[in-house]
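Structure file data33.csv with CSV, C-alpha atoms:
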```
chain,number,residue,atom,x,y,z
A,300,MET,CA,52.6,5.3,-47.1
A,301,ILE,CA,49.4,7.2,-46.4
A,302,LEU,CA,46.4,6.9,-48.8
A,303,GLY,CA,43.6,9.4,-48.7
A,304,VAL,CA,39.9,8.5,-49.2
A,305,THR,CA,37.1,10.8,-50.0
A,306,MET,CA,33.8,9.9,-48.4
A,307,GLY,CA,31.7,10.5,-51.4
A,308,ASP,CA,28.1,11.8,-51.4
A,309,SER,CA,26.6,11.1,-48.0
A,310,SER,CA,23.2,10.4,-49.6
A,311,GLY,CA,24.7,7.4,-51.3
A,312,VAL,CA,26.7,4.2,-50.5
A,313,GLY,CA,30.1,5.9,-50.0
A,314,PRO,CA,30.0,6.1,-46.1
A,315,GLU,CA,28.7,2.6,-45.9
A,316,ILE,CA,31.3,1.1,-48.2
A,317,LEU,CA,34.1,2.8,-46.3
A,318,LEU,CA,33.0,1.7,-42.9
A,319,LYS,CA,32.2,-1.9,-44.1
A,320,ALA,CA,35.6,-2.3,-45.7
A,321,PHE,CA,37.4,-1.1,-42.5
A,322,ARG,CA,35.2,-3.4,-40.3
A,323,ASN,CA,36.0,-6.3,-42.6
A,324,GLY,CA,39.7,-5.8,-42.5
A,325,GLU,CA,39.8,-5.2,-46.2
A,326,ILE,CA,41.7,-1.9,-46.0
A,327,ARG,CA,45.4,-3.0,-46.1
A,328,HIS,CA,47.0,0.4,-46.0
A,329,SER,CA,47.3,3.4,-43.7
A,330,VAL,CA,44.4,5.7,-44.8
A,331,VAL,CA,43.0,9.1,-43.8
A,332,VAL,CA,39.4,10.0,-44.8
A,333,PHE,CA,38.4,13.4,-46.1
A,334,GLY,CA,34.8,13.8,-45.1
A,335,ASP,CA,32.4,14.5,-42.2
A,336,LEU,CA,32.9,12.7,-39.0
A,337,ALA,CA,29.3,13.3,-37.9
A,338,ILE,CA,28.0,11.5,-41.0
A,339,LEU,CA,30.3,8.6,-40.6
A,340,ALA,CA,29.5,8.2,-37.0
A,341,HIS,CA,25.8,8.2,-37.7
A,342,CYS,CA,26.1,5.6,-40.5
A,343,ASN,CA,28.3,3.5,-38.2
A,344,ASP,CA,25.6,3.6,-35.5
A,345,LYS,CA,22.7,3.0,-37.9
A,346,LEU,CA,24.3,-0.1,-39.5
A,347,GLY,CA,25.9,-1.4,-36.2
A,348,TYR,CA,29.4,-1.7,-37.7
A,349,GLY,CA,31.2,-0.8,-34.5
A,350,VAL,CA,34.1,0.9,-36.3
A,351,ALA,CA,36.4,3.0,-34.1
A,352,LEU,CA,36.4,6.5,-35.6
A,353,ARG,CA,39.0,9.1,-34.8
A,354,LYS,CA,39.3,12.8,-35.7
A,355,ALA,CA,42.7,13.4,-37.3
A,356,ALA,CA,44.6,16.6,-36.8
A,357,GLY,CA,45.6,16.5,-40.4
A,358,PRO,CA,46.3,14.2,-43.3
A,359,LYS,CA,49.5,12.8,-41.7
A,360,ASP,CA,47.9,12.2,-38.3
A,361,VAL,CA,47.2,8.5,-38.8
A,362,HIS,CA,46.9,6.0,-35.9
A,363,ALA,CA,46.5,2.3,-36.3
A,364,GLY,CA,43.3,0.5,-35.1
A,365,SER,CA,40.9,3.3,-35.9
A,366,LEU,CA,39.5,5.0,-39.0
A,367,ASN,CA,41.2,8.4,-39.1
A,368,VAL,CA,39.1,11.3,-40.4
A,369,VAL,CA,40.0,14.8,-41.5
A,370,ASP,CA,36.7,16.3,-40.4
A,371,LEU,CA,35.8,19.1,-42.8
A,372,ARG,CA,32.6,19.8,-40.8
A,373,LEU,CA,30.5,20.5,-43.8
A,374,LEU,CA,27.4,18.4,-43.0
A,375,SER,CA,25.5,17.6,-39.8
A,376,VAL,CA,23.1,14.7,-39.3
A,377,ASP,CA,20.2,17.1,-39.9
A,378,ASP,CA,21.5,17.7,-43.4
A,379,LEU,CA,21.2,14.1,-44.4
A,380,SER,CA,18.9,13.1,-47.3
A,381,ILE,CA,19.7,9.4,-47.6
A,382,GLY,CA,18.8,8.0,-51.0
A,383,ARG,CA,17.9,11.4,-52.5
A,384,ILE,CA,19.5,14.2,-54.4
A,385,SER,CA,20.8,16.8,-52.1
A,386,SER,CA,22.6,20.1,-52.9
A,387,ALA,CA,24.3,20.1,-49.5
A,388,SER,CA,25.7,16.6,-49.8
A,389,GLY,CA,26.7,17.2,-53.4
A,390,ALA,CA,28.6,20.4,-52.5
A,391,ALA,CA,30.3,18.6,-49.6
A,392,ALA,CA,31.3,15.6,-51.7
A,393,ARG,CA,33.0,18.1,-54.1
A,394,GLN,CA,34.9,19.7,-51.3
A,395,TYR,CA,36.2,16.4,-50.0
A,396,VAL,CA,37.8,15.8,-53.4
A,397,VAL,CA,39.3,19.3,-53.5
A,398,ALA,CA,40.8,18.8,-50.0
A,399,ALA,CA,42.2,15.4,-50.9
A,400,THR,CA,43.7,16.7,-54.2
A,401,LYS,CA,45.4,19.6,-52.4
A,402,ALA,CA,46.8,17.3,-49.8
A,403,ALA,CA,48.2,15.1,-52.5
A,404,LEU,CA,49.7,18.1,-54.3
A,405,ALA,CA,51.3,19.1,-50.9
A,406,ARG,CA,52.7,15.5,-50.6
A,407,GLU,CA,50.8,15.1,-47.3
A,408,ILE,CA,49.3,11.9,-48.8
A,409,ASP,CA,50.9,9.6,-51.4
A,410,ALA,CA,47.7,8.9,-53.4
A,411,PHE,CA,44.0,8.9,-52.9
A,412,ALA,CA,40.9,7.0,-53.8
A,413,THR,CA,37.5,8.6,-54.3
A,414,LEU,CA,34.1,7.1,-53.3
A,415,PRO,CA,31.1,8.0,-55.6
A,416,MET,CA,29.6,11.4,-56.1
A,417,ASN,CA,26.3,12.2,-57.7
A,418,LYS,CA,26.8,14.5,-60.7
A,419,GLU,CA,23.2,15.9,-60.5
A,420,ALA,CA,23.7,16.8,-56.8
A,421,ALA,CA,27.1,18.4,-57.4
A,422,ARG,CA,25.8,20.5,-60.3
A,423,LEU,CA,23.2,22.1,-58.0
A,424,THR,CA,26.0,24.3,-56.6
A,425,ASP,CA,28.6,23.8,-59.4
A,426,PRO,CA,26.8,23.9,-62.7
A,427,LYS,CA,30.1,23.2,-64.6
A,428,PHE,CA,30.8,19.9,-62.7
A,429,THR,CA,31.1,16.9,-65.0
A,430,GLY,CA,32.9,14.4,-62.9
A,431,HIS,CA,35.8,13.5,-60.6
A,432,THR,CA,38.3,13.4,-63.5
A,433,GLU,CA,37.7,16.9,-64.6
A,434,LEU,CA,37.5,18.3,-61.0
A,435,VAL,CA,40.8,16.8,-59.9
A,436,ALA,CA,42.5,17.9,-63.1
A,437,SER,CA,41.2,21.4,-62.6
A,438,VAL,CA,42.5,21.6,-59.1
A,439,CYS,CA,45.9,20.4,-60.4
A,440,GLY,CA,45.8,22.9,-63.2
A,441,VAL,CA,45.8,20.2,-65.9
A,442,GLU,CA,43.7,20.4,-69.1
A,443,ASP,CA,44.5,17.1,-70.8
A,444,ALA,CA,43.9,14.4,-68.1
A,445,VAL,CA,42.9,11.0,-69.3
A,446,LEU,CA,40.3,8.6,-67.7
A,447,MET,CA,41.4,5.0,-67.4
A,448,LEU,CA,39.3,2.0,-66.2
A,449,ALA,CA,41.2,-1.1,-65.2
A,450,SER,CA,40.1,-4.5,-64.2
A,451,ASP,CA,41.7,-8.0,-64.2
A,452,PRO,CA,40.5,-8.8,-67.8
A,453,LEU,CA,41.0,-5.4,-69.4
A,454,ILE,CA,42.3,-1.8,-69.3
A,455,VAL,CA,40.6,0.9,-71.2
A,456,THR,CA,41.3,4.6,-71.7
A,457,HIS,CA,39.3,7.3,-73.3
A,458,VAL,CA,40.0,10.1,-75.7
A,459,SER,CA,36.9,11.9,-74.4
A,460,THR,CA,34.6,11.2,-71.5
A,461,HIS,CA,31.8,13.4,-70.1
A,462,VAL,CA,30.7,15.1,-73.3
A,463,SER,CA,28.0,14.6,-75.9
A,464,LEU,CA,28.6,12.1,-78.7
A,465,ARG,CA,28.8,15.0,-81.2
A,466,GLU,CA,31.5,16.7,-79.1
A,467,ALA,CA,33.3,13.3,-78.7
A,468,ILE,CA,33.5,12.9,-82.5
A,469,ASP,CA,34.8,16.5,-82.9
A,470,GLY,CA,37.4,15.8,-80.2
A,471,ALA,CA,38.9,12.8,-81.8
A,472,ARG,CA,42.0,14.7,-83.0
A,473,ARG,CA,45.5,13.5,-83.7
A,474,GLU,CA,47.2,15.4,-80.9
A,475,ARG,CA,44.8,14.3,-78.2
A,476,ILE,CA,44.9,10.7,-79.4
A,477,GLN,CA,48.7,10.7,-79.3
A,478,ARG,CA,48.6,12.0,-75.7
A,479,VAL,CA,46.1,9.3,-74.7
A,480,ILE,CA,48.2,6.5,-76.3
A,481,GLN,CA,51.3,7.7,-74.6
A,482,LEU,CA,49.7,7.9,-71.1
A,483,THR,CA,48.0,4.5,-71.7
A,484,CYS,CA,51.3,2.8,-72.5
A,485,GLU,CA,53.0,4.3,-69.5
A,486,ALA,CA,50.2,3.3,-67.1
A,487,ALA,CA,49.8,-0.2,-68.6
A,488,ARG,CA,53.5,-0.9,-68.1
A,489,ARG,CA,53.1,-0.2,-64.4
A,490,LEU,CA,50.2,-2.6,-64.1
A,491,ARG,CA,51.0,-5.4,-66.7
A,492,ALA,CA,54.1,-7.1,-67.9
A,493,ASN,CA,54.9,-6.2,-71.6
A,494,PRO,CA,51.5,-4.7,-72.3
A,495,ARG,CA,50.2,-4.5,-75.9
A,496,VAL,CA,47.8,-1.6,-76.6
A,497,ALA,CA,45.1,-1.4,-79.3
A,498,VAL,CA,43.6,1.8,-80.5
A,499,ALA,CA,39.9,1.5,-81.4
A,500,GLY,CA,38.4,3.1,-84.5
A,501,LEU,CA,35.6,5.6,-84.1
A,502,ASN,CA,33.4,4.6,-87.0
A,503,PRO,CA,31.8,1.2,-87.9
A,504,HIS,CA,34.5,-1.2,-89.2
A,505,ALA,CA,37.1,1.5,-88.4
A,506,GLY,CA,35.7,3.6,-91.3
A,507,GLU,CA,36.2,1.0,-94.1
A,508,ASN,CA,39.0,3.0,-95.6
A,509,GLY,CA,37.0,6.2,-95.6
A,510,LEU,CA,33.6,4.7,-96.6
A,511,PHE,CA,32.0,5.4,-93.2
A,512,GLY,CA,34.0,8.5,-92.2
A,513,ARG,CA,37.5,9.8,-92.5
A,514,GLU,CA,38.5,10.1,-88.8
A,515,GLU,CA,40.5,6.9,-89.0
A,516,LEU,CA,42.5,8.0,-92.0
A,517,GLU,CA,43.1,11.6,-91.0
A,518,GLU,CA,43.3,11.5,-87.2
A,519,ILE,CA,43.6,8.0,-85.7
A,520,ALA,CA,46.0,6.2,-88.0
A,521,PRO,CA,48.5,9.1,-88.0
A,522,ALA,CA,48.4,9.1,-84.2
A,523,VAL,CA,49.1,5.4,-84.2
A,524,ALA,CA,51.9,5.8,-86.7
A,525,TRP,CA,53.5,8.5,-84.5
A,526,ALA,CA,53.2,6.2,-81.4
A,527,LYS,CA,54.9,3.4,-83.3
A,528,GLY,CA,57.7,5.8,-84.2
A,529,GLN,CA,58.2,6.4,-80.5
A,530,GLY,CA,58.6,2.7,-79.9
A,531,LEU,CA,55.3,2.2,-78.2
A,532,PRO,CA,53.6,-1.2,-78.4
A,533,VAL,CA,50.5,-0.1,-80.2
A,534,GLU,CA,48.2,-1.3,-83.1
A,535,GLY,CA,45.3,0.3,-84.8
A,536,PRO,CA,42.9,1.6,-85.7
A,537,VAL,CA,41.2,-1.7,-84.9
A,538,PRO,CA,37.5,-2.0,-85.7
A,539,PRO,CA,35.6,-1.3,-82.5
A,540,ASP,CA,33.2,-4.2,-82.9
A,541,THR,CA,36.1,-6.7,-82.7
A,542,VAL,CA,38.8,-5.0,-80.6
A,543,PHE,CA,37.4,-6.2,-77.3
A,544,TYR,CA,37.0,-9.8,-78.5
A,545,LEU,CA,40.7,-9.7,-79.6
A,546,ALA,CA,41.7,-8.2,-76.3
A,547,VAL,CA,39.8,-10.5,-73.9
A,548,ALA,CA,39.0,-13.7,-75.8
A,549,ARG,CA,42.2,-13.9,-77.9
A,550,LYS,CA,44.5,-12.2,-75.3
A,551,ARG,CA,46.0,-10.1,-78.1
A,552,PHE,CA,45.9,-6.8,-76.2
A,553,GLU,CA,46.1,-5.8,-72.5
A,554,ALA,CA,44.7,-2.3,-73.0
A,555,VAL,CA,42.4,-0.5,-75.5
A,556,VAL,CA,42.4,3.2,-76.2
A,557,CYS,CA,38.7,4.1,-76.8
A,558,MET,CA,37.5,7.2,-78.7
A,559,TYR,CA,34.6,8.1,-76.3
A,560,HIS,CA,33.1,7.3,-73.0
A,561,ASP,CA,30.6,4.4,-73.7
A,562,GLN,CA,33.0,2.7,-76.1
A,563,GLY,CA,35.2,1.8,-73.2
A,564,HIS,CA,32.8,1.8,-70.3
A,565,ILE,CA,30.2,-0.6,-71.7
A,566,PRO,CA,32.6,-3.6,-72.3
A,567,LEU,CA,34.5,-3.1,-69.1
A,568,LYS,CA,31.4,-2.9,-66.9
A,569,LEU,CA,30.0,-6.0,-68.7
A,570,LEU,CA,33.2,-7.9,-68.0
A,571,ASP,CA,33.8,-6.8,-64.4
A,572,PHE,CA,31.1,-4.4,-63.0
A,573,GLU,CA,32.1,-4.7,-59.3
A,574,GLY,CA,35.9,-5.0,-59.8
A,575,GLY,CA,36.6,-2.1,-62.1
A,576,VAL,CA,38.8,0.8,-60.9
A,577,ASN,CA,38.8,4.3,-62.3
A,578,THR,CA,42.1,6.1,-62.5
A,579,THR,CA,43.0,9.6,-63.8
A,580,LEU,CA,46.2,9.7,-65.9
A,581,GLY,CA,48.4,12.7,-66.7
A,582,LEU,CA,48.2,14.4,-63.3
A,583,PRO,CA,50.9,15.3,-60.8
A,584,VAL,CA,48.9,13.3,-58.2
A,585,ILE,CA,47.7,9.7,-58.1
A,586,ARG,CA,43.9,9.3,-57.9
A,587,THR,CA,41.8,6.2,-58.2
A,588,SER,CA,38.1,5.6,-57.8
A,589,VAL,CA,35.4,3.0,-57.6
A,590,ASP,CA,33.8,2.4,-61.0
A,591,HIS,CA,30.2,2.7,-59.8
A,592,GLY,CA,27.8,5.4,-58.7
A,593,THR,CA,26.1,6.5,-55.5
A,594,ALA,CA,23.4,3.7,-55.7
A,595,PHE,CA,20.7,5.7,-53.9
A,596,ASP,CA,18.3,2.8,-54.1
A,597,ILE,CA,20.4,0.7,-51.7
A,598,ALA,CA,22.2,3.5,-49.7
A,599,TRP,CA,22.7,2.9,-46.0
A,600,LYS,CA,21.2,-0.6,-46.1
A,601,GLY,CA,24.4,-2.6,-45.7
A,602,LEU,CA,24.0,-4.0,-49.2
A,603,ALA,CA,26.8,-2.2,-51.1
A,604,SER,CA,29.8,-4.2,-52.3
A,605,THR,CA,33.3,-3.1,-51.2
A,606,VAL,CA,35.1,-4.9,-54.1
A,607,SER,CA,35.7,-1.9,-56.3
A,608,PHE,CA,36.7,0.3,-53.4
A,609,VAL,CA,39.3,-2.2,-52.1
A,610,LYS,CA,40.7,-2.6,-55.6
A,611,ALA,CA,40.9,1.1,-56.0
A,612,LEU,CA,42.9,1.4,-52.8
A,613,ASP,CA,45.2,-1.4,-53.8
A,614,MET,CA,45.8,0.2,-57.3
A,615,ALA,CA,46.5,3.6,-55.7
A,616,ALA,CA,49.1,2.0,-53.5
A,617,LYS,CA,50.7,0.1,-56.5
A,618,LEU,CA,50.8,3.2,-58.6
A,619,ALA,CA,52.4,5.2,-55.8
A,620,THR,CA,55.2,2.6,-55.4
A,621,THR,CA,56.0,2.0,-59.1
```
Could you write out this file's structure as structure tokens?
Amino acid sequence: MILGVTMGDSSGVGPEILLKAFRNGEIRHSVVVFGDLAILAHCNDKLGYGVALRKAAGPKDVHAGSLNVVDLRLLSVDDLSIGRISSASGAAARQYVVAATKAALAREIDAFATLPMNKEAARLTDPKFTGHTELVASVCGVEDAVLMLASDPLIVTHVSTHVSLREAIDGARRERIQRVIQLTCEAARRLRANPRVAVAGLNPHAGENGLFGREELEEIAPAVAWAKGQGLPVEGPVPPDTVFYLAVARKRFEAVVCMYHDQGHIPLKLLDFEGGVNTTLGLPVIRTSVDHGTAFDIAWKGLASTVSFVKALDMAAKLATT
């Protein structure tokens, strides 16, 4: 098995995390990096990690004992803007992801994990960029991908992600919710034994039977009824102010389908900020990611944690073999 890794935005902690994890022996799989060899070499020297770097002829050209890099040659050391927004590093980070996605589609790699990009930097050359999930889905030609965050205590998925709250409310529609429930149940079964899935409400107290909104009655409940009719282990809509207590403290659910970005991200990051892994469901490729950003304030200082990255690689390997 060969796993791909995208280097992330060179202005942030991505190169450092990759090198540190390899130096520490935390990468337990054969990996090939999509990035810029010159940047990794410079970071390696600056932090004194002593990692053996090797230019790979292609995604399948992996040799043990060194960190193998598909060198896209997009950036030089002179292009570096460590700890600052850079259009060059943003554009390069985007291209690493495109290259890895195409390699996965071509079955040159079995799965890939992405290190963090900076959305503002990426938008300087791609104004429509909203995130890894949407970019990978676009390269794959998929319009209804689903973002999942997973950690030891909890799995969450999202009906909508990088849109305004107004758009998220408008997007909470039966067909989309059904799709997210289905993909959540499939993924949870690959990661947990006999998983139970809760579907969170959108409104306070799950709408109080229409008192605080009708989305639960008209969109969410019918989607849950459909899922139950398919034999899926799902309950809902569950009031969003109690669903995570029931899942984590009472152990009643292993996964929660959330109606919008922050409804799922806030509790998971509170529970396991360093250990969360981001996964995109509904694609013909397997892609996982760290669940943190570029952390410009600590970039290239040797301070960044490798925990989320190592878990992302491990999850990519597990999903590729189940």
Please measure the separation of atom CA of Asp409 of chain A and atom CA of Glu433 of chain A, giving the value in Å to one decimal.
20.0 Å
Restricting the calculation to all atoms listed in the file, which member of A:Val479, A:Ala499, A:Ala487, A:Asn493 is positioned closest to Ala526 of chain A?
A:Val479
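Taking only C-alpha atoms into account, Pro426 of chain A lies nearest to A:Ala390 out of the set A:Val312, A:Leu414, A:Leu352, A:Ala390.
In terms of minimum interatomic distance to Asp596 of chain A, A:Gly382 ranks closest within A:Gly382, A:Ser310, A:Ile468, A:Phe333, counting all atoms listed in the file.
One finds atom CA of Thr400 of chain A at 19.5 Å from atom CA of Leu448 of chain A.
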Within 10 Å of Lys617 of chain A, counting only C-alpha atoms, which residues qualify if same-chain residues fewer than 5 places away don't, as a PyMOL selection string?
chain A and resi 410+489-490+611-612
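For the choices A:Ile597, A:Val462, A:Ala421, A:Leu379, the atom-to-atom distance to Gln394 of chain A is smallest for A:Ala421 when using only C-alpha atoms.
If you measure from each of A:Ala616, A:Val376, A:Ile476, A:Val445 to Asp344 of chain A using only C-alpha atoms, the closest one turns out to be A:Val376.
Taking only C-alpha atoms, the non-local environment of Gly506 of chain A within 12 Å (same-chain residues fewer than 6 positions away omitted) comprises Ala499, Gly500, Gly512, Arg513, Glu514, Glu515, Leu516, Glu517, Glu518, Ile519, Ala520, Pro536, Val537, Pro538, Pro539 and Asp540 of chain A.
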Write the residues you've just listed into a file as a PDB file, in the coordinates of the input, and include C-alpha atoms for each of them.
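What ended up in out.pdb:
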```pdb
ATOM      1  CA  ALA A 499      39.900   1.500 -81.400  1.00  0.00           C
ATOM      2  CA  GLY A 500      38.400   3.100 -84.500  1.00  0.00           C
ATOM      3  CA  GLY A 512      34.000   8.500 -92.200  1.00  0.00           C
ATOM      4  CA  ARG A 513      37.500   9.800 -92.500  1.00  0.00           C
ATOM      5  CA  GLU A 514      38.500  10.100 -88.800  1.00  0.00           C
ATOM      6  CA  GLU A 515      40.500   6.900 -89.000  1.00  0.00           C
ATOM      7  CA  LEU A 516      42.500   8.000 -92.000  1.00  0.00           C
ATOM      8  CA  GLU A 517      43.100  11.600 -91.000  1.00  0.00           C
ATOM      9  CA  GLU A 518      43.300  11.500 -87.200  1.00  0.00           C
ATOM     10  CA  ILE A 519      43.600   8.000 -85.700  1.00  0.00           C
ATOM     11  CA  ALA A 520      46.000   6.200 -88.000  1.00  0.00           C
ATOM     12  CA  PRO A 536      42.900   1.600 -85.700  1.00  0.00           C
ATOM     13  CA  VAL A 537      41.200  -1.700 -84.900  1.00  0.00           C
ATOM     14  CA  PRO A 538      37.500  -2.000 -85.700  1.00  0.00           C
ATOM     15  CA  PRO A 539      35.600  -1.300 -82.500  1.00  0.00           C
ATOM     16  CA  ASP A 540      33.200  -4.200 -82.900  1.00  0.00           C
TER      17      ASP A 540
END
```
Taking 5 positions as the minimum chain separation for residues in the same chain, which residues sit within 9 Å of segment 356-360 of chain A when counting all atoms listed in the file? Answer as number ranges by chain.
A: 301, 303, 330-333, 367-370, 399, 402, 407-408
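Using all atoms listed in the file, the nearest neighbour of Leu501 of chain A within the list A:Glu442, A:Asp590, A:Asp561, A:Asp378 is A:Asp561.
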Taking (49.9, 11.1, -73.9) in the file's coordinates as the center, which residues reach within 12 Å of it, counting all atoms listed in the file, put as a PyMOL selection string?
chain A and resi 443-446+456-458+473-486+522-523+525-526+529+531+556+580-582
Could you list as a ChimeraX atom specification every residue that has an atom within 7 Å of (47.2, 10.1, -57.4), using the file's coordinates and counting all atoms listed in the file?
/A:410-411,584-587,615
By how many Å are atom CA of Ala467 of chain A and atom CA of Met558 of chain A apart?
7.4 Å
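With all atoms listed in the file taken into account, the protein and nucleic acid residues at most 10 Å from Ala320 of chain A (excluding it and anything under 6 positions from it in its own chain) are Ile326, Arg327, Ser604, Thr605, Val606, Phe608 and Val609 of chain A.
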So that I can check the surroundings of Tyr544 of chain A, please list as a PyMOL selection string every protein, DNA and RNA residue that reaches within 12 Å of it, counting all atoms listed in the file and ignoring chain neighbours fewer than 2 positions away.
chain A and resi 452-453+497+537-542+546-553+555+566-567+570
Put the listed atoms of segment 483-497 of chain A in a box along x, y and z with 4 Å added on every side and give me the centre and edge lengths in Å to one decimal, as JSON.
```
{"center_x": 50.0, "center_y": -1.3, "center_z": -71.7, "size_x": 17.8, "size_y": 19.6, "size_z": 23.2}
```
